[in-house]
Every structure is written in structure tokens, then in C-alpha cells.
Amino acid sequence: MRELKGYFNSPVAYVILTLFLLICGWFFASGLFLVNTADLRDLFSVIIPLSFLFFVPAITMRSIAEERKSGTLELLVTLPVRDAEIIVGKYLAALFLLACALLLTLSYPLTLGLLGDPDGGAVACGYLGLLLMGGSYLAIGIFTSGLTQNQIVAFITGFVIIFAFFMLDKVVIFFPGSIASVFEYLSVTYHLENISRGVIDTRDVIYFLSMIVVFLFLAVRTLESRRWK
Amino acid sequence: MIEVKNLSKLYGTTRALDGVTFTVPTGQIMGFLGPNGAGKSTTMKIITCFMPPTEGQVTVDGMDAQDESLAVRRKIGYLPENTPLYTDMNVIDYLTFVQKLRAIPAAEFPRRIKRMVEQCGLGEVVRKDIGELSKGYRQRVGLAQAMIHDPEILILDEPTVGLDPNQIVEIRALIKELGRAKTLILCTHILSEVEAACDRVLIIDKGKIVADGTPDGLRAASQGQDRLFLEIKGPVPEIRAALEKLPGAARVAPLEGDGAARFMVETAGGRDLREAVFVLVRDRQWVLLELRREAVRLEDVFRELTAH
């Protein structure tokens, strides 16, 4: 909660939110009007996941890198709070911003609701999947933000790692079966598609939750890195 | 009470601290002096639990800074070097934020903020973003932040760097006032700051403690020398010879001067030579234009201990 104010005080949040909505809206609407089909599957499995690639590291790039640079990190970690609490606080704030962004995209399925009759369950599953995926991306972003004091570096490394997870299942065809299934399991898109198909499998949920936990844990370690020097 | 025992810190292969040991009893205002890069900030960062030492131990009121880090951090108010602050928050939001992190009950927020605003003179800027504030006000916000939970221990790392002379005087007065009834460590390389405020001075150089005592004690210990500055009208070589013969004159050095002879005489053992000089000048029928005695300043002690 403590970080939230930081996000909404600065224009950054609004710029990112607006951009995100513009991009999603553009692709969604162009599909709607040009091709004359209204397809929510596109929204959930292509448009939003793609924009998350850029949007999520942009949210998180500041979170630790900026504090490291300005020296406020020194103040923060000498206050009586645990390193893990700092990371979780920052994570929750970023997650809230992400949830706001997703909430605002609700207008698309609602528009479709006027025109046709979208499957409410599928929409809910789609959103759950996106939230889980975005949540994992955020954890990655916070981790990379902790690695450096340069926001740009944080953004790019975050993007690269997220992109790698995103692309994994698109390159599996080049690998032999056993490796391919490992890659497929590690791939974000694979699990996202499972969920947005409407199948909420605990394996997929566990996959995302463990991604979040692993990267947040690594982020805590980056804060602790000051102790190893 | 802060006890620092045999503290060493290595950055890579550079030894920033080398066996530093000292104790600050409760209620003392201690000045921590040293040239840039001597290890002052490193020591402070270890005491405030920002990072652990390579060797040695810090205890605050008997609690180990590493094992009981959270409890130690609760007791300390810290203003790091360069006063880092969140520039996009306004003063009240920021102070509220710090109180939340310090787990102060929300009911006390207004009272504590009001007290800090009064003590630190923040009345005019409470609604402004910290980024808009002048350096002097930022320093005050930094102090307010460090003091808001009424800590027993206050650690200030170079609180007057980058301020103009008026602001320095104000901040110094503020520190002196706030520091009453608190254990306070004031890190600085500005000597007048220490002379103005501290009960005790610790001088550190190249990671080692080189002096420890009251400002007066350090001055006295430093060879106990006084200096006389003289300007005498008369034959220069003769005057010099006569001065050198005075009992208690350790060294006579001629100074630049126009026409008259100017000398600096160092006296050993704290003897006052002014009377002897006057008698000498009167007997020889010279003219005494200037006679001034100067005690050793803390600056000289500092330079002597830390010049390489």
C-alpha cells in the first residue's frame, strides 16, 4: 500500500495506463470494425499479452532502481521493516496498478455484450489468466529493477526475461520431445492459454504462483546484496 | 548506549575500516570527524544496520545490530549522507509514510507531525512537494524524518553539506536543540560544527581511530603549543636573535611584512611569553606594533593527525 501513492502521484502511472488502453483499444477496435468480427479470444491471448511485454517492465522499472539511485533505499532499509516486506509492498502496489489497467479494459467485453452475448465464464477466466500472467511478469520486473540503479537497464533486462518466457512455447518445435515438454511447461503462453480456454487447472495456477514467489524471492536477495559486498 | 567493537570492513580488497572500537554513552553528543573517505559513513551504515561489518560487532543498548536488527533500527533515527528523500511526495505525506513504516499508531500522526513541523521550522512548506524545496528545507525534512519517532539515538551524516552559511547556522542550532537528552552521533569533516555542538570528538583516518576526547582535551594534548604573532619596529636580525634566546620559545619564524619585522613564535609547554616579549622590546628601545596570542585550534589538531 505504501508504494501506491508514489505511483499515482507521478504522471508515469497515467501515461502508462493511457498508452496501454490506447494500444489495446486500437487493436481491439480495428479488429472489430475492419474485419467485422468481435473476438475476445484475440484480446485475451494476443493483444493484452503482447502489450504486457512492454507495459509491465515499464511499471516496475522504477521500483527499486530509482531508490537505489537516489539513495532513498538506504533510508528505507534502515527503517524497522524487513526486506521481504519492502518487496511485497512494492509488488502489491504494482499489482494494483496492473489490476486497474485490466479493469479499464473491461469496457471491451462490455461493448461486445451490447452487440452479442459473450460467454461470461470465459471472460472471467481470461481475466484471471491475464492477472496471473501479469503478476508473474511484475515479479520478474521487480527483480530486474533490484539488479541495477538504471531504470532503462531494469526495463530492458525485464523485457528480455519476460520475452524469453513468452517465446518459449513458440520455439519448442525446434527441440526434441523431452526438452520441448520442459520448455512448454516453463512457457507463460502455454499456461495462459489453458486458463483462458476456461480450464482452471491447479497446475497452471501453481505455475504462475511459483513464478511470482521465485522472482520475488530473488528480488529480496537483490536488496540483501548490499550485505555481500 | 552504542558499543562498537573492533569493527573492520573490506570493500573488495580496500580496507575501509580497520579495528574501530569506541563507546558512546547515553546522552552524549559525539562528533565523528575525519577527512573524506576516512570511513565515517561506513561506520554509520554499519551502526544503522544498512550493512554488516566484515569483522567486529556493534551493539546498541546491549542488542546486536545484526541479530536484533529490527529492534536496533527502531531505536535509531538516521539521516544518511546527501539527505535522500522521495522528491515526488509532499512533506506531510512523507512524514506520514515514515510513521507508518515505523508502526506508530495512526492516532499519534497529527501530534507528531505538528511537533516536527514546529521544531524543524517546516510550517511554510508542509503542503509542498519535497522536490520543490530548497536544500536547507530538505535537510530539515530529513531531520524531521529522523526524529519523528522520538528516537533515543540520532545519527546524522554530514547534515550541513551544501548549505549556505545562514542555513548552516540554523541547522546547527536545530541539531543542538534536538540533540539534548539524546545520544547523538554527528559525522562531519567541518570542525567548527564539532566545536559548536559536541561533548566529545572522535577523529578517524584511513579506517582507524586516531584521536578521542573532548574538543578542549584534544587541543591541550596536541603538544600544548601556543603561538605569538609579533610585529616589532627595529633591526630585524637582532630582534630575531633576541626572540630565539627567550626562555620557552620553541621556534621563531619570520613572517612577511613591510618595513617592520614580523615573527611567529611558538611556545612550548603552554607558557605565556607576552610579558617577556614586552620587557625585551622596552629594554631594547624597539617599538612594539603588534602582539597577539593564538591558542591551537581544533583545525590544527585535525590537520596534524590526518595530513599525509
# chains A, B, ... in the order shown; residues from 1 in each chain; ligands from 1
$ interface_residues --of "chain A" --to "chain B" --cutoff "6 Å" --atoms "only C-alpha atoms" --output "PyMOL selection string"
chain A and resi 71-72+78-80+227
$ select_by_dssp --residues "stretch 188-248 of chain B" --states "strand (DSSP E or B)" --output "PyMOL selection string"
chain B and resi 188+200-205+208-213+226-233
$ atom_distance --atom1 "atom CA of A:Ile140" --atom2 "atom CA of A:Val220"
11.9 Å
$ residues_around --residues "A:Tyr207" --least-positions-apart "3" --cutoff "9 Å" --atoms "only C-alpha atoms" --output "list of chain:residue names"
A:Tyr185, A:Leu186, A:Val188, A:His191, A:Thr202, A:Arg203, A:Asp204, A:Ser210, A:Met211, A:Ile212
$ select_by_dssp --residues "stretch 172-225 of chain A" --states "alpha helix (DSSP H)" --output "PyMOL selection string"
chain A and resi 177-186+188-196+202-224
$ residues_around --residues "B:Ile175" --least-positions-apart "5" --cutoff "10 Å" --atoms "only C-alpha atoms" --output "ChimeraX atom specification"
/B:120,140,143,154,156,159,169-170,180,184,186,197
$ write_last_selection --atoms "C-alpha atoms" --output "short mmCIF file (atom, residue, chain, number, x, y, z; two decimals), in the first residue's frame"
data_model
loop_
_atom_site.label_atom_id
_atom_site.label_comp_id
_atom_site.auth_asym_id
_atom_site.auth_seq_id
_atom_site.Cartn_x
_atom_site.Cartn_y
_atom_site.Cartn_z
CA CYS B 120 12.19 21.92 12.38
CA ARG B 140 15.04 19.95 7.78
CA LEU B 143 15.90 15.77 10.28
CA LEU B 154 20.17 10.06 16.41
CA LEU B 156 23.38 12.45 11.32
CA PRO B 159 23.88 17.25 7.85
CA VAL B 169 23.91 28.23 11.44
CA GLU B 170 20.19 27.40 11.57
CA ARG B 180 19.50 17.47 24.07
CA LEU B 184 23.76 11.79 19.03
CA LEU B 186 27.33 13.79 14.21
CA ALA B 197 27.92 21.24 19.38
#
$ atom_distance --atom1 "atom CA of B:Ile46" --atom2 "atom CA of B:Val58"
7.7 Å
$ residues_around --residues "A:Phe55" --least-positions-apart "3" --cutoff "10 Å" --atoms "only C-alpha atoms" --output "PDB file with N, CA and C atoms, in the first residue's frame"
ATOM      1  N   ILE A  16       1.440   5.533 -18.572  1.00  0.00           N
ATOM      2  CA  ILE A  16       1.481   4.113 -18.899  1.00  0.00           C
ATOM      3  C   ILE A  16       0.072   3.560 -19.091  1.00  0.00           C
ATOM      4  N   LEU A  17      -0.820   3.937 -18.173  1.00  0.00           N
ATOM      5  CA  LEU A  17      -2.199   3.454 -18.269  1.00  0.00           C
ATOM      6  C   LEU A  17      -2.840   3.871 -19.587  1.00  0.00           C
ATOM      7  N   LEU A  19      -1.414   4.803 -22.387  1.00  0.00           N
ATOM      8  CA  LEU A  19      -0.789   4.129 -23.520  1.00  0.00           C
ATOM      9  C   LEU A  19      -1.314   2.709 -23.671  1.00  0.00           C
ATOM     10  N   PHE A  20      -1.385   2.043 -22.517  1.00  0.00           N
ATOM     11  CA  PHE A  20      -1.839   0.663 -22.525  1.00  0.00           C
ATOM     12  C   PHE A  20      -3.248   0.561 -23.104  1.00  0.00           C
ATOM     13  N   ILE A  48      -3.598  -8.212 -25.269  1.00  0.00           N
ATOM     14  CA  ILE A  48      -3.134  -7.842 -23.929  1.00  0.00           C
ATOM     15  C   ILE A  48      -1.812  -8.523 -23.570  1.00  0.00           C
ATOM     16  N   PRO A  49      -1.642  -9.829 -23.825  1.00  0.00           N
ATOM     17  CA  PRO A  49      -0.334 -10.420 -23.523  1.00  0.00           C
ATOM     18  C   PRO A  49       0.815  -9.714 -24.228  1.00  0.00           C
ATOM     19  N   LEU A  50       0.587  -9.315 -25.464  1.00  0.00           N
ATOM     20  CA  LEU A  50       1.658  -8.619 -26.180  1.00  0.00           C
ATOM     21  C   LEU A  50       1.966  -7.263 -25.545  1.00  0.00           C
ATOM     22  N   SER A  51       0.920  -6.526 -25.218  1.00  0.00           N
ATOM     23  CA  SER A  51       1.195  -5.203 -24.652  1.00  0.00           C
ATOM     24  C   SER A  51       1.782  -5.316 -23.248  1.00  0.00           C
ATOM     25  N   PHE A  52       1.468  -6.401 -22.534  1.00  0.00           N
ATOM     26  CA  PHE A  52       2.079  -6.637 -21.229  1.00  0.00           C
ATOM     27  C   PHE A  52       3.594  -6.725 -21.318  1.00  0.00           C
ATOM     28  N   ALA A  58       7.652  -1.553 -17.749  1.00  0.00           N
ATOM     29  CA  ALA A  58       7.575  -0.104 -17.602  1.00  0.00           C
ATOM     30  C   ALA A  58       7.012   0.285 -16.241  1.00  0.00           C
ATOM     31  N   ILE A  59       6.082  -0.530 -15.728  1.00  0.00           N
ATOM     32  CA  ILE A  59       5.559  -0.240 -14.380  1.00  0.00           C
ATOM     33  C   ILE A  59       6.641  -0.443 -13.333  1.00  0.00           C
ATOM     34  N   THR A  60       7.365  -1.535 -13.466  1.00  0.00           N
ATOM     35  CA  THR A  60       8.254  -1.923 -12.375  1.00  0.00           C
ATOM     36  C   THR A  60       9.653  -1.352 -12.476  1.00  0.00           C
ATOM     37  N   LEU A  98      -1.705  -2.713 -12.145  1.00  0.00           N
ATOM     38  CA  LEU A  98      -1.996  -3.640 -13.230  1.00  0.00           C
ATOM     39  C   LEU A  98      -3.477  -4.019 -13.228  1.00  0.00           C
ATOM     40  N   GLY A 134       0.229 -11.339 -15.706  1.00  0.00           N
ATOM     41  CA  GLY A 134       0.772 -10.015 -15.399  1.00  0.00           C
ATOM     42  C   GLY A 134       1.493 -10.028 -14.061  1.00  0.00           C
ATOM     43  N   TYR A 137       4.863 -11.476 -14.497  1.00  0.00           N
ATOM     44  CA  TYR A 137       5.731 -10.505 -15.174  1.00  0.00           C
ATOM     45  C   TYR A 137       6.193  -9.420 -14.204  1.00  0.00           C
ATOM     46  N   LEU A 138       5.256  -8.977 -13.351  1.00  0.00           N
ATOM     47  CA  LEU A 138       5.613  -7.926 -12.392  1.00  0.00           C
ATOM     48  C   LEU A 138       6.728  -8.385 -11.465  1.00  0.00           C
ATOM     49  N   PHE A 155      14.422  -1.935 -17.280  1.00  0.00           N
ATOM     50  CA  PHE A 155      13.358  -2.172 -18.255  1.00  0.00           C
ATOM     51  C   PHE A 155      13.784  -3.219 -19.275  1.00  0.00           C
ATOM     52  N   PHE A 159      12.329  -6.852 -19.795  1.00  0.00           N
ATOM     53  CA  PHE A 159      11.677  -7.181 -21.058  1.00  0.00           C
ATOM     54  C   PHE A 159      12.248  -8.473 -21.646  1.00  0.00           C
TER      55      PHE A 159
END
$ closest_atom_pairs --of "stretch 190-221 of chain B" --to "stretch 37-43 of chain B" --cutoff "10 Å" --atoms "only C-alpha atoms" --output "CSV"
residue,atom,partner,partner_atom,distance
B:Ile203,CA,B:Lys40,CA,9.3
B:Ile204,CA,B:Ala38,CA,6.2
B:Asp205,CA,B:Ala38,CA,4.8
B:Lys206,CA,B:Ala38,CA,4.7
B:Gly207,CA,B:Gly39,CA,5.2
B:Lys208,CA,B:Ala38,CA,8.0
B:Ile209,CA,B:Ala38,CA,9.6
$ write_last_selection --atoms "N, CA and C atoms" --output "PDB file, in the first residue's frame"
ATOM      1  N   ILE B 203      38.258  11.260  16.126  1.00  0.00           N
ATOM      2  CA  ILE B 203      38.813  11.532  14.800  1.00  0.00           C
ATOM      3  C   ILE B 203      39.242  10.216  14.175  1.00  0.00           C
ATOM      4  N   ILE B 204      38.787  10.005  12.951  1.00  0.00           N
ATOM      5  CA  ILE B 204      39.109   8.761  12.265  1.00  0.00           C
ATOM      6  C   ILE B 204      39.872   9.098  11.003  1.00  0.00           C
ATOM      7  N   ASP B 205      40.837   8.264  10.687  1.00  0.00           N
ATOM      8  CA  ASP B 205      41.598   8.484   9.461  1.00  0.00           C
ATOM      9  C   ASP B 205      42.019   7.140   8.892  1.00  0.00           C
ATOM     10  N   LYS B 206      41.803   6.957   7.612  1.00  0.00           N
ATOM     11  CA  LYS B 206      42.132   5.697   6.947  1.00  0.00           C
ATOM     12  C   LYS B 206      41.614   4.493   7.711  1.00  0.00           C
ATOM     13  N   GLY B 207      40.387   4.615   8.200  1.00  0.00           N
ATOM     14  CA  GLY B 207      39.754   3.482   8.857  1.00  0.00           C
ATOM     15  C   GLY B 207      40.195   3.213  10.279  1.00  0.00           C
ATOM     16  N   LYS B 208      41.015   4.122  10.836  1.00  0.00           N
ATOM     17  CA  LYS B 208      41.456   3.904  12.214  1.00  0.00           C
ATOM     18  C   LYS B 208      41.151   5.126  13.059  1.00  0.00           C
ATOM     19  N   ILE B 209      40.838   4.876  14.329  1.00  0.00           N
ATOM     20  CA  ILE B 209      40.622   5.996  15.246  1.00  0.00           C
ATOM     21  C   ILE B 209      41.986   6.579  15.596  1.00  0.00           C
TER      22      ILE B 209
END
$ closest_residue --among "A:Leu21, A:Gly129, A:Val199, A:Tyr190" --to "A:Met167" --atoms "only C-alpha atoms"
A:Tyr190
